[in-house]
Amino acid sequence: MNAHSSATELMARPLPGPRNGIAWGFAGVVAFSLTVPMTRLAVESGHMSALFVGSARGVVAASIAAIALMITRSLRPRGRQWVSVGIVAMGAVLGFPLLTSLALTQTQASHGAVVIALLPATTAVVSVLRTGERPTAMFWVAAGAGAVAAVTFAAVHAGGLGQMGPADGLLFAAVIVCAIAYAEGGVLSRELGAWQTISWALVVAAPVMAVLTVVAVVSHAPTGTPVEWLGFVYLCVVSMFLGFVAWYRGLAIGPLAQVSQVQLAQPVMSIGWAALLLHEHLTAPTLIGGAVVIACALVAVRTRRRVRQSARVNSRLPAHVRLRRGRPARRRRPGS
């Protein structure tokens with residue numbers, strides 16, 4: 001058995017029964033659901049700068065990832081795989097943490113959770129563009145409706161479309177870069193391995209994150225209460241590494257379609273954590289906006305899953321009976 005197969009067996013060995021995959025996936029979503037509230041907790045008082053929280057968490061997580069890669073003797077990416085690793089690093093390791101940290105210095109965690117609820121549908125859209133799929137019109141309607149709902153919510157919360165602040169722009173940008181990273185990482189994980197993909201992305205981004213951390217410390221030395229530091233440690237260890245291990249393990253065990261849809265519960269839990277831990281008041285627009293965005297994401301993700309499943313079934317059929325635009329192809333008669 002080679003080193004790569006040993007690493008895969010260690011971190012993603014399939015367990016009997018679909019419930020194990022859903023359980024691991026749900027554990028990952030629970031870990032991710034605390035990311036927005038913990039980020040808000042760390043940056044709210046101003047004791048830690050957003051730049052420090054967004055960059056230093058990547059440095060700590062990269063150290064853990066490097067140790068895991070060395071222990072399991074995982075193979076290094078090759079050729080174009082390094083480009084994909086770089087895309088994941090730019091989006092999931094650099095872009096999303098920094099953008100959300102900056103945004104949450106200006107807005108509540110519950111508000112951020114609603115906008116970030118666009119992530120599942122946005123990831124589905126980017127994946128469609130990345131893989132060249134041809135989903136139904138319902139997919140695009142649901143994805144578009146989710147985007148409109150999120151923008152409307154942000155505008156209502158800000159007091160009007162013209163009153164939307166920089167925080168909303170940062171949150172929407174965070175969703176886009178993270179969706180690109182998730183889609184690219186999903187393709188790469190088929191070749192490189194699930195948890196190995198995020199680990200190599202952390203290692204690749206570590207030098208940049210280290211420089212940003214030094215700049216942040218020099219310009220604003222981080223201080224904080226024990227609770228604020230606890231929130232920062234959570235972001236480093238759980239949000240940036242252990243959460244990904246659980247999430248990708250669940251996807252590896254499967255069923256993939258069911259496990260991936262567990263992520264739709266993440267914004268609901270994030271809003272709940274914000275109310276419980278940060279004592280944020282949940283308004284009717286927040287609850288309604290979150291429900292609408294999640295519903296649109298659910299329709300978009302489920303529609304895409306059905307399209308992919310139908311494509312796999314269709315590809316296994318003989319050429320003369322494959323579906324073309326929903327109808328069986330007619331066999332041509334000789335001489336016609």
# chains A, B, ... in the order shown; residues from 1 in each chain; ligands from 1
>>> residues_around(residues="range 192-194 of chain A", least_positions_apart="3", cutoff="7 Å", atoms="only C-alpha atoms", output="PyMOL selection string")
chain A and resi 8+77+188-189+197+248
>>> write_last_selection(atoms="all heavy atoms", output="PDB file, in the first residue's frame")
ATOM      1  N   THR A   8      -5.376   8.316   2.638  1.00  0.00           N
ATOM      2  CA  THR A   8      -6.807   8.321   2.337  1.00  0.00           C
ATOM      3  C   THR A   8      -7.558   7.392   3.264  1.00  0.00           C
ATOM      4  O   THR A   8      -8.644   7.712   3.752  1.00  0.00           O
ATOM      5  CB  THR A   8      -7.030   7.899   0.874  1.00  0.00           C
ATOM      6  OG1 THR A   8      -6.296   8.769   0.040  1.00  0.00           O
ATOM      7  CG2 THR A   8      -8.502   7.964   0.513  1.00  0.00           C
ATOM      8  N   PRO A  77       0.754  17.739  -4.779  1.00  0.00           N
ATOM      9  CA  PRO A  77       0.068  17.997  -6.055  1.00  0.00           C
ATOM     10  C   PRO A  77       1.081  18.042  -7.196  1.00  0.00           C
ATOM     11  O   PRO A  77       2.269  18.336  -6.988  1.00  0.00           O
ATOM     12  CB  PRO A  77      -0.589  19.367  -5.829  1.00  0.00           C
ATOM     13  CG  PRO A  77      -0.665  19.517  -4.346  1.00  0.00           C
ATOM     14  CD  PRO A  77       0.525  18.802  -3.789  1.00  0.00           C
ATOM     15  N   LEU A 188     -10.835  19.068  -7.642  1.00  0.00           N
ATOM     16  CA  LEU A 188      -9.485  18.621  -7.299  1.00  0.00           C
ATOM     17  C   LEU A 188      -9.487  17.462  -6.304  1.00  0.00           C
ATOM     18  O   LEU A 188      -8.627  16.575  -6.376  1.00  0.00           O
ATOM     19  CB  LEU A 188      -8.689  19.797  -6.720  1.00  0.00           C
ATOM     20  CG  LEU A 188      -7.250  19.507  -6.295  1.00  0.00           C
ATOM     21  CD1 LEU A 188      -6.422  19.026  -7.485  1.00  0.00           C
ATOM     22  CD2 LEU A 188      -6.626  20.747  -5.665  1.00  0.00           C
ATOM     23  N   SER A 189     -10.445  17.445  -5.375  1.00  0.00           N
ATOM     24  CA  SER A 189     -10.466  16.410  -4.346  1.00  0.00           C
ATOM     25  C   SER A 189     -10.661  15.017  -4.926  1.00  0.00           C
ATOM     26  O   SER A 189     -10.290  14.023  -4.301  1.00  0.00           O
ATOM     27  CB  SER A 189     -11.565  16.705  -3.323  1.00  0.00           C
ATOM     28  OG  SER A 189     -12.849  16.656  -3.926  1.00  0.00           O
ATOM     29  N   THR A 197      -6.766  18.289  -0.008  1.00  0.00           N
ATOM     30  CA  THR A 197      -6.929  19.498  -0.823  1.00  0.00           C
ATOM     31  C   THR A 197      -6.893  20.754   0.033  1.00  0.00           C
ATOM     32  O   THR A 197      -6.151  21.704  -0.253  1.00  0.00           O
ATOM     33  CB  THR A 197      -8.246  19.429  -1.607  1.00  0.00           C
ATOM     34  OG1 THR A 197      -8.194  18.333  -2.533  1.00  0.00           O
ATOM     35  CG2 THR A 197      -8.492  20.712  -2.378  1.00  0.00           C
ATOM     36  N   TYR A 248     -15.466  16.894   4.613  1.00  0.00           N
ATOM     37  CA  TYR A 248     -15.013  16.111   3.474  1.00  0.00           C
ATOM     38  C   TYR A 248     -15.065  14.613   3.745  1.00  0.00           C
ATOM     39  O   TYR A 248     -15.243  13.821   2.820  1.00  0.00           O
ATOM     40  CB  TYR A 248     -13.590  16.531   3.071  1.00  0.00           C
ATOM     41  CG  TYR A 248     -13.538  17.841   2.327  1.00  0.00           C
ATOM     42  CD1 TYR A 248     -12.633  18.832   2.672  1.00  0.00           C
ATOM     43  CD2 TYR A 248     -14.406  18.092   1.273  1.00  0.00           C
ATOM     44  CE1 TYR A 248     -12.591  20.037   1.985  1.00  0.00           C
ATOM     45  CE2 TYR A 248     -14.373  19.287   0.588  1.00  0.00           C
ATOM     46  CZ  TYR A 248     -13.468  20.262   0.941  1.00  0.00           C
ATOM     47  OH  TYR A 248     -13.433  21.454   0.256  1.00  0.00           O
TER      48      TYR A 248
END
>>> residues_around(residues="Phe241 in chain A", least_positions_apart="4", cutoff="7 Å", atoms="only C-alpha atoms", output="VMD selection string")
chain A and resid 61 237 245
>>> write_last_selection(atoms="C-alpha atoms", output="CSV table (one decimal), in the first residue's frame")
chain,number,residue,atom,x,y,z
A,61,ALA,CA,-4.4,26.0,10.7
A,237,VAL,CA,-8.5,24.8,14.9
A,245,VAL,CA,-11.9,17.2,7.8
>>> select_by_dssp(residues="range 115-281 of chain A", states="alpha helix (DSSP H)", output="ChimeraX atom specification")
/A:115-116,119-131,137-158,166-192,194-219,226-234,243-253,256-261,266-277
>>> write_last_selection(atoms="C-alpha atoms", output="tab-separated table (two decimals), in the first residue's frame")
chain	number	residue	atom	x	y	z
A	115	VAL	CA	-26.01	36.83	3.19
A	116	ILE	CA	-23.64	33.84	3.48
A	119	LEU	CA	-23.07	30.06	-0.54
A	120	PRO	CA	-24.65	26.63	-1.36
A	121	ALA	CA	-26.54	27.97	-4.39
A	122	THR	CA	-23.60	30.11	-5.53
A	123	THR	CA	-21.31	27.09	-5.26
A	124	ALA	CA	-23.76	25.10	-7.37
A	125	VAL	CA	-23.79	27.82	-10.04
A	126	VAL	CA	-19.99	28.05	-10.14
A	127	SER	CA	-19.74	24.24	-10.28
A	128	VAL	CA	-22.11	24.21	-13.26
A	129	LEU	CA	-19.92	26.74	-15.09
A	130	ARG	CA	-16.75	24.89	-14.05
A	131	THR	CA	-17.91	21.44	-15.22
A	137	ALA	CA	-34.31	26.53	-16.25
A	138	MET	CA	-35.61	25.91	-12.73
A	139	PHE	CA	-32.03	25.79	-11.46
A	140	TRP	CA	-31.24	29.24	-12.82
A	141	VAL	CA	-34.57	30.64	-11.60
A	142	ALA	CA	-33.93	29.36	-8.07
A	143	ALA	CA	-30.33	30.61	-8.02
A	144	GLY	CA	-31.39	34.03	-9.32
A	145	ALA	CA	-34.25	34.25	-6.84
A	146	GLY	CA	-31.84	33.46	-4.01
A	147	ALA	CA	-29.50	36.24	-5.11
A	148	VAL	CA	-32.38	38.74	-5.34
A	149	ALA	CA	-33.66	37.66	-1.92
A	150	ALA	CA	-30.22	38.13	-0.33
A	151	VAL	CA	-29.74	41.58	-1.89
A	152	THR	CA	-33.28	42.60	-0.85
A	153	PHE	CA	-32.66	41.44	2.70
A	154	ALA	CA	-29.39	43.37	2.91
A	155	ALA	CA	-31.09	46.49	1.50
A	156	VAL	CA	-34.04	46.27	3.93
A	157	HIS	CA	-31.69	45.72	6.85
A	158	ALA	CA	-29.61	48.75	5.81
A	166	PRO	CA	-19.24	48.24	2.70
A	167	ALA	CA	-20.01	45.26	4.96
A	168	ASP	CA	-22.61	43.96	2.49
A	169	GLY	CA	-20.17	44.26	-0.41
A	170	LEU	CA	-17.53	42.39	1.59
A	171	LEU	CA	-19.98	39.61	2.45
A	172	PHE	CA	-21.13	39.17	-1.15
A	173	ALA	CA	-17.49	39.11	-2.28
A	174	ALA	CA	-16.73	36.50	0.38
A	175	VAL	CA	-19.53	34.30	-0.94
A	176	ILE	CA	-18.25	34.54	-4.53
A	177	VAL	CA	-14.59	33.76	-3.78
A	178	CYS	CA	-15.52	30.93	-1.42
A	179	ALA	CA	-17.91	29.42	-3.99
A	180	ILE	CA	-15.13	29.45	-6.59
A	181	ALA	CA	-12.80	27.76	-4.10
A	182	TYR	CA	-15.40	25.14	-3.14
A	183	ALA	CA	-16.16	24.30	-6.77
A	184	GLU	CA	-12.48	24.04	-7.72
A	185	GLY	CA	-11.73	22.08	-4.56
A	186	GLY	CA	-14.54	19.68	-5.30
A	187	VAL	CA	-13.02	18.87	-8.69
A	188	LEU	CA	-9.49	18.62	-7.30
A	189	SER	CA	-10.47	16.41	-4.35
A	190	ARG	CA	-11.38	13.63	-6.78
A	191	GLU	CA	-7.71	13.43	-7.74
A	192	LEU	CA	-5.82	14.65	-4.69
A	194	ALA	CA	-10.64	15.52	0.12
A	195	TRP	CA	-8.90	16.68	3.30
A	196	GLN	CA	-5.56	16.80	1.49
A	197	THR	CA	-6.93	19.50	-0.82
A	198	ILE	CA	-7.70	21.97	1.96
A	199	SER	CA	-4.47	21.03	3.76
A	200	TRP	CA	-2.28	21.83	0.75
A	201	ALA	CA	-4.25	25.04	0.20
A	202	LEU	CA	-3.50	26.07	3.79
A	203	VAL	CA	0.19	25.30	3.35
A	204	VAL	CA	0.39	27.22	0.06
A	205	ALA	CA	-1.32	30.26	1.57
A	206	ALA	CA	0.73	30.17	4.78
A	207	PRO	CA	3.57	32.52	3.64
A	208	VAL	CA	1.12	35.23	2.57
A	209	MET	CA	-0.95	34.78	5.73
A	210	ALA	CA	2.21	34.95	7.84
A	211	VAL	CA	3.22	38.28	6.29
A	212	LEU	CA	-0.27	39.69	6.82
A	213	THR	CA	-0.19	38.48	10.43
A	214	VAL	CA	3.10	40.28	11.08
A	215	VAL	CA	1.71	43.47	9.53
A	216	ALA	CA	-1.41	43.16	11.70
A	217	VAL	CA	0.57	42.61	14.90
A	218	VAL	CA	2.92	45.54	14.21
A	219	SER	CA	0.11	47.95	13.38
A	226	PRO	CA	-10.15	34.98	27.52
A	227	VAL	CA	-13.51	34.59	25.77
A	228	GLU	CA	-12.32	36.52	22.73
A	229	TRP	CA	-9.15	34.45	22.53
A	230	LEU	CA	-11.25	31.30	22.85
A	231	GLY	CA	-13.24	32.43	19.83
A	232	PHE	CA	-10.00	33.01	17.91
A	233	VAL	CA	-8.67	29.56	18.81
A	234	TYR	CA	-11.93	28.04	17.61
A	243	GLY	CA	-14.48	21.32	10.28
A	244	PHE	CA	-13.12	20.61	6.78
A	245	VAL	CA	-11.90	17.16	7.85
A	246	ALA	CA	-15.37	16.22	9.12
A	247	TRP	CA	-17.14	17.78	6.13
A	248	TYR	CA	-15.01	16.11	3.47
A	249	ARG	CA	-15.08	12.78	5.33
A	250	GLY	CA	-18.87	12.91	5.22
A	251	LEU	CA	-18.80	13.64	1.49
A	252	ALA	CA	-16.39	10.72	0.96
A	253	ILE	CA	-18.66	8.30	2.82
A	256	LEU	CA	-22.97	12.70	-1.65
A	257	ALA	CA	-26.29	14.32	-2.63
A	258	GLN	CA	-27.78	13.92	0.83
A	259	VAL	CA	-24.65	14.94	2.74
A	260	SER	CA	-24.09	18.08	0.64
A	261	GLN	CA	-27.61	19.31	1.35
A	266	GLN	CA	-25.75	26.10	8.39
A	267	PRO	CA	-27.18	29.66	8.20
A	268	VAL	CA	-30.09	28.68	10.44
A	269	MET	CA	-27.67	27.42	13.06
A	270	SER	CA	-25.43	30.48	12.64
A	271	ILE	CA	-28.36	32.80	13.33
A	272	GLY	CA	-29.28	30.69	16.36
A	273	TRP	CA	-25.71	30.80	17.69
A	274	ALA	CA	-25.63	34.58	17.21
A	275	ALA	CA	-28.75	34.94	19.33
A	276	LEU	CA	-27.52	32.51	22.00
A	277	LEU	CA	-23.88	33.54	22.31
>>> atom_distance(atom1="CA of Gly25 in chain A", atom2="CA of Val262 in chain A")
6.9 Å
>>> atom_distance(atom1="CA of Ala221 in chain A", atom2="CA of Phe52 in chain A")
8.9 Å
